[in-house]
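To start, the structure itself, in structure tokens.
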Amino acid sequence: MGRTIVITGASSGIGEALSLRYAGAGARLGLLGRNSERLEQVAAACRRLGADVRTGAIDIRARAEIGAWLRDFDDATPVDLAIANAGVMAGRPPGADLEPSDDGHALVETNVLGVLNTVQPLLPKMIARGRGQIGILGSLAGFVPLPDSPSYCASKSAVLAYGLSLRGLLRPHGIGVSVICPGYISTPMSRQESGWKPREMSPARAAELIDRGLSRNQATIAFPFLMALLSRLGGVLPDHMRRWTIRPFRFTVQNQDGRDLEPGEPPDQQ
Ligand SMILES: NC(=O)c1ccc[n+]([C@@H]2O[C@H](COP(=O)([O-])OP(=O)(O)OC[C@H]3O[C@@H](n4cnc5c(N)ncnc54)[C@H](OP(=O)(O)O)[C@@H]3O)[C@@H](O)[C@H]2O)c1
């Protein structure tokens, strides 16, 4: 019998590729995102591959709404694997000195609190069942501080620490937790970023590596290998050496609109 899998940020990029990868016959998928049109397109493609799919167009920052949707979904079909993937990028725009402060706040709410909003509602249920698995999207940017995207790097360091802490806490309950740390993946998010992107890979290849790491219950699933090694080394270098080694990786970011939803505004207008 197929597994039940929840994926946030399923309407684009890595989340879309993961949805398609897991959509084999018998899988039950709970797919979340904001843009309902793109989300339904992904859901339709997954159904054609044989999956039973339920979608929710909800802003990941809407804690109560996300929690209610997840608990309801889990009541109907207990979740085997939840992947907290939804995220945004922000940083220093071309010609600017700083990243815009509103974007930094919206990013932390999405990339950090959005992960808690996804994971926390499912944990009591997984603990009661004595099984389950959580995957959290970090980034290689969580290992090495990059001057051009301070909030993004902080958010990915935060979820790395959160995920690895949870892993220790939940192991006695039979629940696996992995933090997924990709390098450059060709998605709409990476297209916001200028600059050199060595070893950039397709979302489908990233989904394959994530699937393999999750099936082994790895603590961190960091790839590609060389970039993961360099990022970890970059994180422990003395400051003056790190400044020098990350010079080729400087970039600017075309920021997304990180504003909050107005009361009653449909999520897919963002
Ligand atoms: N691409 C890379 O190079 C790279 C590298 C390392 C880590 N990552 C991480 O991988 C994850 C996926 O990124 P991606 O590259 O696939 O980006 P993407 O193509 O821009 O997709 C981001 C997804 O997150 C969803 N999302 C963003 N804000 C949301 C919100 N407030 N509420 C609900 N959903 C929201 C988007 O949904 P809507 O579009 O429907 O709003 C979309 O489905 C992120 O956590 C990112 O930080 C990416």
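How things are named: the first chain in the structure tokens is A, the next is B, and so on; residues count from 1 in each chain; ligands count from 1 in the order shown.
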*Excluding same-chain residues fewer than 6 positions from stretch 126-137 of chain A, what lies within 10 Å of it counting only C-alpha atoms, as a PyMOL selection string?*
chain A and resi 5-7+14-15+74+78-87+111+115-116+118-119+156+159-160+162-164+166-167+170-182+210-211+213-215+217-221
Write a file of the selected residues as a short mmCIF file (atom, residue, chain, number, x, y, z; two decimals), in the first residue's frame, keeping N, CA and C atoms.
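Resulting contents of again.cif:
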data_model
loop_
_atom_site.label_atom_id
_atom_site.label_comp_id
_atom_site.auth_asym_id
_atom_site.auth_seq_id
_atom_site.Cartn_x
_atom_site.Cartn_y
_atom_site.Cartn_z
N ILE A 5 1.79 11.31 2.20
CA ILE A 5 2.89 12.29 2.26
C ILE A 5 2.33 13.70 2.14
N VAL A 6 2.75 14.57 3.05
CA VAL A 6 2.39 16.00 2.97
C VAL A 6 3.61 16.76 2.46
N ILE A 7 3.39 17.66 1.50
CA ILE A 7 4.48 18.49 0.98
C ILE A 7 4.00 19.93 0.95
N ILE A 14 11.21 22.70 -6.16
CA ILE A 14 11.58 21.44 -5.51
C ILE A 14 10.32 20.72 -4.99
N GLY A 15 9.37 21.48 -4.44
CA GLY A 15 8.14 20.87 -3.92
C GLY A 15 7.34 20.20 -5.03
N ASP A 74 -4.66 14.46 8.46
CA ASP A 74 -4.10 13.31 9.18
C ASP A 74 -5.21 12.43 9.77
N PRO A 78 -3.60 8.93 8.02
CA PRO A 78 -2.43 9.23 8.85
C PRO A 78 -1.16 9.47 8.03
N VAL A 79 -0.48 10.54 8.37
CA VAL A 79 0.67 11.00 7.57
C VAL A 79 1.92 10.17 7.92
N ASP A 80 2.53 9.59 6.89
CA ASP A 80 3.78 8.84 7.06
C ASP A 80 4.99 9.77 6.98
N LEU A 81 4.92 10.75 6.07
CA LEU A 81 6.06 11.64 5.82
C LEU A 81 5.54 13.05 5.55
N ALA A 82 6.11 14.03 6.26
CA ALA A 82 5.76 15.43 6.00
C ALA A 82 7.04 16.16 5.59
N ILE A 83 6.99 16.87 4.47
CA ILE A 83 8.16 17.63 4.01
C ILE A 83 7.83 19.11 4.07
N ALA A 84 8.49 19.81 5.01
CA ALA A 84 8.29 21.26 5.18
C ALA A 84 9.25 21.96 4.22
N ASN A 85 8.72 22.26 3.04
CA ASN A 85 9.57 22.74 1.94
C ASN A 85 9.32 24.21 1.60
N ALA A 86 8.12 24.72 1.89
CA ALA A 86 7.78 26.09 1.47
C ALA A 86 8.82 27.08 1.98
N GLY A 87 9.23 27.97 1.11
CA GLY A 87 10.22 28.95 1.54
C GLY A 87 10.34 30.08 0.54
N ASN A 111 10.11 31.00 6.39
CA ASN A 111 11.11 29.92 6.37
C ASN A 111 11.32 29.27 7.74
N VAL A 115 7.93 26.41 9.06
CA VAL A 115 8.35 25.02 9.35
C VAL A 115 7.68 24.54 10.65
N LEU A 116 7.70 25.39 11.68
CA LEU A 116 7.05 25.01 12.95
C LEU A 116 5.55 24.79 12.72
N THR A 118 4.13 23.70 10.17
CA THR A 118 3.91 22.44 9.45
C THR A 118 4.15 21.23 10.33
N VAL A 119 5.22 21.31 11.12
CA VAL A 119 5.67 20.12 11.86
C VAL A 119 4.86 19.92 13.15
N LYS A 156 17.92 29.47 7.48
CA LYS A 156 18.32 28.09 7.18
C LYS A 156 19.19 27.50 8.29
N VAL A 159 16.56 26.45 10.95
CA VAL A 159 15.82 25.19 10.75
C VAL A 159 16.76 23.98 10.79
N LEU A 160 18.05 24.22 10.51
CA LEU A 160 19.02 23.12 10.66
C LEU A 160 19.10 22.73 12.14
N TYR A 162 16.90 23.42 14.47
CA TYR A 162 15.58 22.93 14.90
C TYR A 162 15.41 21.45 14.52
N GLY A 163 15.71 21.14 13.27
CA GLY A 163 15.49 19.78 12.78
C GLY A 163 16.39 18.77 13.50
N LEU A 164 17.66 19.14 13.69
CA LEU A 164 18.57 18.18 14.33
C LEU A 164 18.25 18.02 15.82
N LEU A 166 15.12 18.29 17.01
CA LEU A 166 13.92 17.44 17.00
C LEU A 166 14.27 15.98 16.77
N ARG A 167 15.27 15.76 15.92
CA ARG A 167 15.66 14.39 15.58
C ARG A 167 16.01 13.61 16.87
N LEU A 170 12.83 13.05 19.03
CA LEU A 170 11.78 12.16 18.51
C LEU A 170 12.25 10.74 18.23
N ARG A 171 13.57 10.52 18.25
CA ARG A 171 14.08 9.17 17.95
C ARG A 171 13.44 8.11 18.86
N PRO A 172 13.34 8.34 20.19
CA PRO A 172 12.75 7.31 21.04
C PRO A 172 11.28 7.02 20.71
N HIS A 173 10.65 7.93 19.96
CA HIS A 173 9.24 7.73 19.59
C HIS A 173 9.09 7.09 18.22
N GLY A 174 10.20 6.71 17.62
CA GLY A 174 10.12 6.03 16.31
C GLY A 174 9.93 6.97 15.14
N ILE A 175 10.24 8.26 15.36
CA ILE A 175 10.03 9.26 14.30
C ILE A 175 11.39 9.76 13.79
N GLY A 176 11.57 9.75 12.49
CA GLY A 176 12.81 10.22 11.88
C GLY A 176 12.68 11.67 11.46
N VAL A 177 13.77 12.42 11.63
CA VAL A 177 13.79 13.82 11.17
C VAL A 177 15.07 14.04 10.37
N SER A 178 14.92 14.60 9.18
CA SER A 178 16.07 14.90 8.33
C SER A 178 16.02 16.37 7.93
N VAL A 179 17.19 17.00 7.89
CA VAL A 179 17.26 18.36 7.35
C VAL A 179 17.93 18.28 5.98
N ILE A 180 17.21 18.79 4.99
CA ILE A 180 17.63 18.68 3.59
C ILE A 180 18.34 19.99 3.22
N CYS A 181 19.60 19.88 2.80
CA CYS A 181 20.41 21.08 2.54
C CYS A 181 20.91 21.07 1.10
N PRO A 182 20.09 21.57 0.16
CA PRO A 182 20.55 21.58 -1.23
C PRO A 182 21.48 22.76 -1.51
N ILE A 210 16.87 13.73 -2.53
CA ILE A 210 16.12 13.91 -1.27
C ILE A 210 15.41 12.60 -0.91
N ASP A 211 14.78 11.98 -1.91
CA ASP A 211 14.08 10.70 -1.70
C ASP A 211 15.06 9.66 -1.16
N GLY A 213 17.94 10.15 0.43
CA GLY A 213 18.37 10.49 1.80
C GLY A 213 17.28 10.20 2.83
N LEU A 214 16.04 10.51 2.47
CA LEU A 214 14.94 10.26 3.41
C LEU A 214 14.73 8.76 3.60
N SER A 215 14.90 7.98 2.53
CA SER A 215 14.69 6.54 2.68
C SER A 215 15.77 5.93 3.59
N ASN A 217 16.89 7.69 6.16
CA ASN A 217 16.73 8.46 7.41
C ASN A 217 18.02 9.19 7.80
N GLN A 218 18.67 9.84 6.81
CA GLN A 218 19.89 10.60 7.10
C GLN A 218 19.56 11.83 7.93
N ALA A 219 20.44 12.19 8.84
CA ALA A 219 20.23 13.39 9.67
C ALA A 219 20.24 14.64 8.79
N THR A 220 21.28 14.78 7.97
CA THR A 220 21.32 15.88 7.00
C THR A 220 21.49 15.27 5.61
N ILE A 221 20.74 15.83 4.67
CA ILE A 221 20.82 15.38 3.28
C ILE A 221 21.37 16.58 2.52
#
*Protein and nucleic acid residues within 6 Å of ligand 1 (only C-alpha atoms and all ligand atoms) as a ChimeraX atom specification*: /A:9-15,33-35,58-61,85-88,110,137-139,182-190
Selected residues written out, N, CA and C atoms, as a PDB file, in the first residue's frame:
ATOM      1  N   GLY A   9       4.726  23.964  -0.131  1.00  0.00           N
ATOM      2  CA  GLY A   9       5.427  24.585  -1.259  1.00  0.00           C
ATOM      3  C   GLY A   9       5.419  23.661  -2.470  1.00  0.00           C
ATOM      4  N   ALA A  10       4.280  22.972  -2.658  1.00  0.00           N
ATOM      5  CA  ALA A  10       4.189  21.961  -3.730  1.00  0.00           C
ATOM      6  C   ALA A  10       3.865  22.577  -5.089  1.00  0.00           C
ATOM      7  N   SER A  11       3.592  23.880  -5.112  1.00  0.00           N
ATOM      8  CA  SER A  11       3.136  24.504  -6.358  1.00  0.00           C
ATOM      9  C   SER A  11       4.276  24.916  -7.286  1.00  0.00           C
ATOM     10  N   SER A  12       5.527  24.679  -6.892  1.00  0.00           N
ATOM     11  CA  SER A  12       6.650  25.161  -7.698  1.00  0.00           C
ATOM     12  C   SER A  12       7.934  24.412  -7.322  1.00  0.00           C
ATOM     13  N   GLY A  13       8.913  24.479  -8.205  1.00  0.00           N
ATOM     14  CA  GLY A  13      10.293  24.101  -7.896  1.00  0.00           C
ATOM     15  C   GLY A  13      10.490  22.721  -7.274  1.00  0.00           C
ATOM     16  N   ILE A  14      11.211  22.700  -6.164  1.00  0.00           N
ATOM     17  CA  ILE A  14      11.579  21.437  -5.505  1.00  0.00           C
ATOM     18  C   ILE A  14      10.323  20.718  -4.990  1.00  0.00           C
ATOM     19  N   GLY A  15       9.374  21.481  -4.437  1.00  0.00           N
ATOM     20  CA  GLY A  15       8.144  20.866  -3.919  1.00  0.00           C
ATOM     21  C   GLY A  15       7.341  20.201  -5.027  1.00  0.00           C
ATOM     22  N   GLY A  33       0.300  25.069  -0.841  1.00  0.00           N
ATOM     23  CA  GLY A  33       0.974  26.193  -1.494  1.00  0.00           C
ATOM     24  C   GLY A  33       0.016  27.382  -1.412  1.00  0.00           C
ATOM     25  N   ARG A  34       0.396  28.488  -2.029  1.00  0.00           N
ATOM     26  CA  ARG A  34      -0.531  29.636  -2.024  1.00  0.00           C
ATOM     27  C   ARG A  34      -1.239  29.781  -3.356  1.00  0.00           C
ATOM     28  N   ASN A  35      -0.506  29.611  -4.437  1.00  0.00           N
ATOM     29  CA  ASN A  35      -1.068  29.860  -5.768  1.00  0.00           C
ATOM     30  C   ASN A  35      -1.909  28.662  -6.190  1.00  0.00           C
ATOM     31  N   ILE A  58      -3.093  27.657   1.175  1.00  0.00           N
ATOM     32  CA  ILE A  58      -3.038  28.356   2.471  1.00  0.00           C
ATOM     33  C   ILE A  58      -1.644  28.950   2.638  1.00  0.00           C
ATOM     34  N   ASP A  59      -1.594  30.179   3.150  1.00  0.00           N
ATOM     35  CA  ASP A  59      -0.305  30.784   3.459  1.00  0.00           C
ATOM     36  C   ASP A  59       0.308  30.026   4.649  1.00  0.00           C
ATOM     37  N   ILE A  60       1.547  29.604   4.497  1.00  0.00           N
ATOM     38  CA  ILE A  60       2.204  28.782   5.535  1.00  0.00           C
ATOM     39  C   ILE A  60       2.366  29.565   6.840  1.00  0.00           C
ATOM     40  N   ARG A  61       2.253  30.905   6.758  1.00  0.00           N
ATOM     41  CA  ARG A  61       2.366  31.729   7.967  1.00  0.00           C
ATOM     42  C   ARG A  61       1.081  31.745   8.781  1.00  0.00           C
ATOM     43  N   ASN A  85       8.716  22.258   3.042  1.00  0.00           N
ATOM     44  CA  ASN A  85       9.568  22.742   1.941  1.00  0.00           C
ATOM     45  C   ASN A  85       9.322  24.207   1.598  1.00  0.00           C
ATOM     46  N   ALA A  86       8.120  24.723   1.895  1.00  0.00           N
ATOM     47  CA  ALA A  86       7.779  26.094   1.472  1.00  0.00           C
ATOM     48  C   ALA A  86       8.824  27.077   1.981  1.00  0.00           C
ATOM     49  N   GLY A  87       9.232  27.970   1.114  1.00  0.00           N
ATOM     50  CA  GLY A  87      10.216  28.951   1.541  1.00  0.00           C
ATOM     51  C   GLY A  87      10.344  30.077   0.544  1.00  0.00           C
ATOM     52  N   VAL A  88      10.935  31.165   0.979  1.00  0.00           N
ATOM     53  CA  VAL A  88      11.189  32.311   0.105  1.00  0.00           C
ATOM     54  C   VAL A  88      12.646  32.740   0.262  1.00  0.00           C
ATOM     55  N   THR A 110       8.134  32.952   7.117  1.00  0.00           N
ATOM     56  CA  THR A 110       7.844  31.844   6.190  1.00  0.00           C
ATOM     57  C   THR A 110       8.800  30.680   6.413  1.00  0.00           C
ATOM     58  N   LEU A 137      13.286  21.542   4.751  1.00  0.00           N
ATOM     59  CA  LEU A 137      14.191  22.145   3.765  1.00  0.00           C
ATOM     60  C   LEU A 137      15.038  23.217   4.417  1.00  0.00           C
ATOM     61  N   GLY A 138      16.308  22.881   4.596  1.00  0.00           N
ATOM     62  CA  GLY A 138      17.311  23.874   4.935  1.00  0.00           C
ATOM     63  C   GLY A 138      17.971  24.311   3.645  1.00  0.00           C
ATOM     64  N   SER A 139      19.281  24.486   3.693  1.00  0.00           N
ATOM     65  CA  SER A 139      20.043  24.902   2.511  1.00  0.00           C
ATOM     66  C   SER A 139      21.521  24.821   2.890  1.00  0.00           C
ATOM     67  N   PRO A 182      20.092  21.566   0.162  1.00  0.00           N
ATOM     68  CA  PRO A 182      20.554  21.576  -1.234  1.00  0.00           C
ATOM     69  C   PRO A 182      21.477  22.757  -1.512  1.00  0.00           C
ATOM     70  N   GLY A 183      22.275  22.592  -2.596  1.00  0.00           N
ATOM     71  CA  GLY A 183      23.011  23.717  -3.172  1.00  0.00           C
ATOM     72  C   GLY A 183      22.089  24.438  -4.151  1.00  0.00           C
ATOM     73  N   TYR A 184      22.637  24.846  -5.294  1.00  0.00           N
ATOM     74  CA  TYR A 184      21.839  25.609  -6.264  1.00  0.00           C
ATOM     75  C   TYR A 184      20.939  24.669  -7.079  1.00  0.00           C
ATOM     76  N   ILE A 185      19.631  24.917  -7.044  1.00  0.00           N
ATOM     77  CA  ILE A 185      18.660  24.125  -7.805  1.00  0.00           C
ATOM     78  C   ILE A 185      17.930  25.087  -8.747  1.00  0.00           C
ATOM     79  N   SER A 186      17.771  24.690 -10.019  1.00  0.00           N
ATOM     80  CA  SER A 186      17.147  25.610 -10.995  1.00  0.00           C
ATOM     81  C   SER A 186      15.635  25.697 -10.786  1.00  0.00           C
ATOM     82  N   THR A 187      15.218  26.682 -10.028  1.00  0.00           N
ATOM     83  CA  THR A 187      13.801  26.905  -9.736  1.00  0.00           C
ATOM     84  C   THR A 187      13.538  28.409  -9.850  1.00  0.00           C
ATOM     85  N   PRO A 188      12.269  28.822  -9.789  1.00  0.00           N
ATOM     86  CA  PRO A 188      11.990  30.264  -9.776  1.00  0.00           C
ATOM     87  C   PRO A 188      12.744  30.994  -8.667  1.00  0.00           C
ATOM     88  N   MET A 189      12.955  30.323  -7.514  1.00  0.00           N
ATOM     89  CA  MET A 189      13.691  30.985  -6.432  1.00  0.00           C
ATOM     90  C   MET A 189      15.139  31.271  -6.835  1.00  0.00           C
ATOM     91  N   SER A 190      15.799  30.293  -7.436  1.00  0.00           N
ATOM     92  CA  SER A 190      17.213  30.529  -7.761  1.00  0.00           C
ATOM     93  C   SER A 190      17.339  31.545  -8.895  1.00  0.00           C
TER      94      SER A 190
END
*asked:* My list of candidates is A:Ala206, A:Pro238, A:Ser149, A:Asn117. Which is closest to A:Pro93 when distances are computed with only C-alpha atoms?
replied: A:Ser149
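Closest to A:Pro147 among A:Leu233, A:Leu123, A:Ala90, A:Ile66 is A:Ala90, based on only C-alpha atoms.
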*Go through stretch 35-247 of chain A and collect every residue that DSSP, computed from the backbone, puts in strand (DSSP E); the answer should be as a PyMOL selection string.*
chain A and resi 52-57+81-84+132-137+175-182+220-223
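Considering only C-alpha atoms, the residue among A:Ala25, A:Leu32, A:Ala207, A:Leu146 positioned nearest to A:Leu49 is A:Ala25.
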*Looking only at helix (DSSP H, G or I) from DSSP on the backbone, list the matching residues of stretch 6-215 of chain A as a count of residues only.*
110
*Write out as a count of residues only which residues come within 9 Å of A:Ser36 when counting only C-alpha atoms, dropping same-chain ones fewer than 4 positions away.*
10
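Here atom CA of A:Arg28 is placed at a distance of 9.8 Å from atom CA of A:Cys46.
Nearest to A:Pro121 of all the residues A:Ala68, A:Met241, A:Ala27, A:Leu107 is A:Ala68, based on only C-alpha atoms.
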*Between A:Ala204, A:Glu99, A:Arg3, A:Asp75, which has the minimum distance to A:Val53 (counting only C-alpha atoms)?*
A:Arg3
_Counting only C-alpha atoms, the residue of A:Ala62, A:Pro124, A:Thr77, A:Asp72 that sits nearest A:Leu29_ = A:Thr77
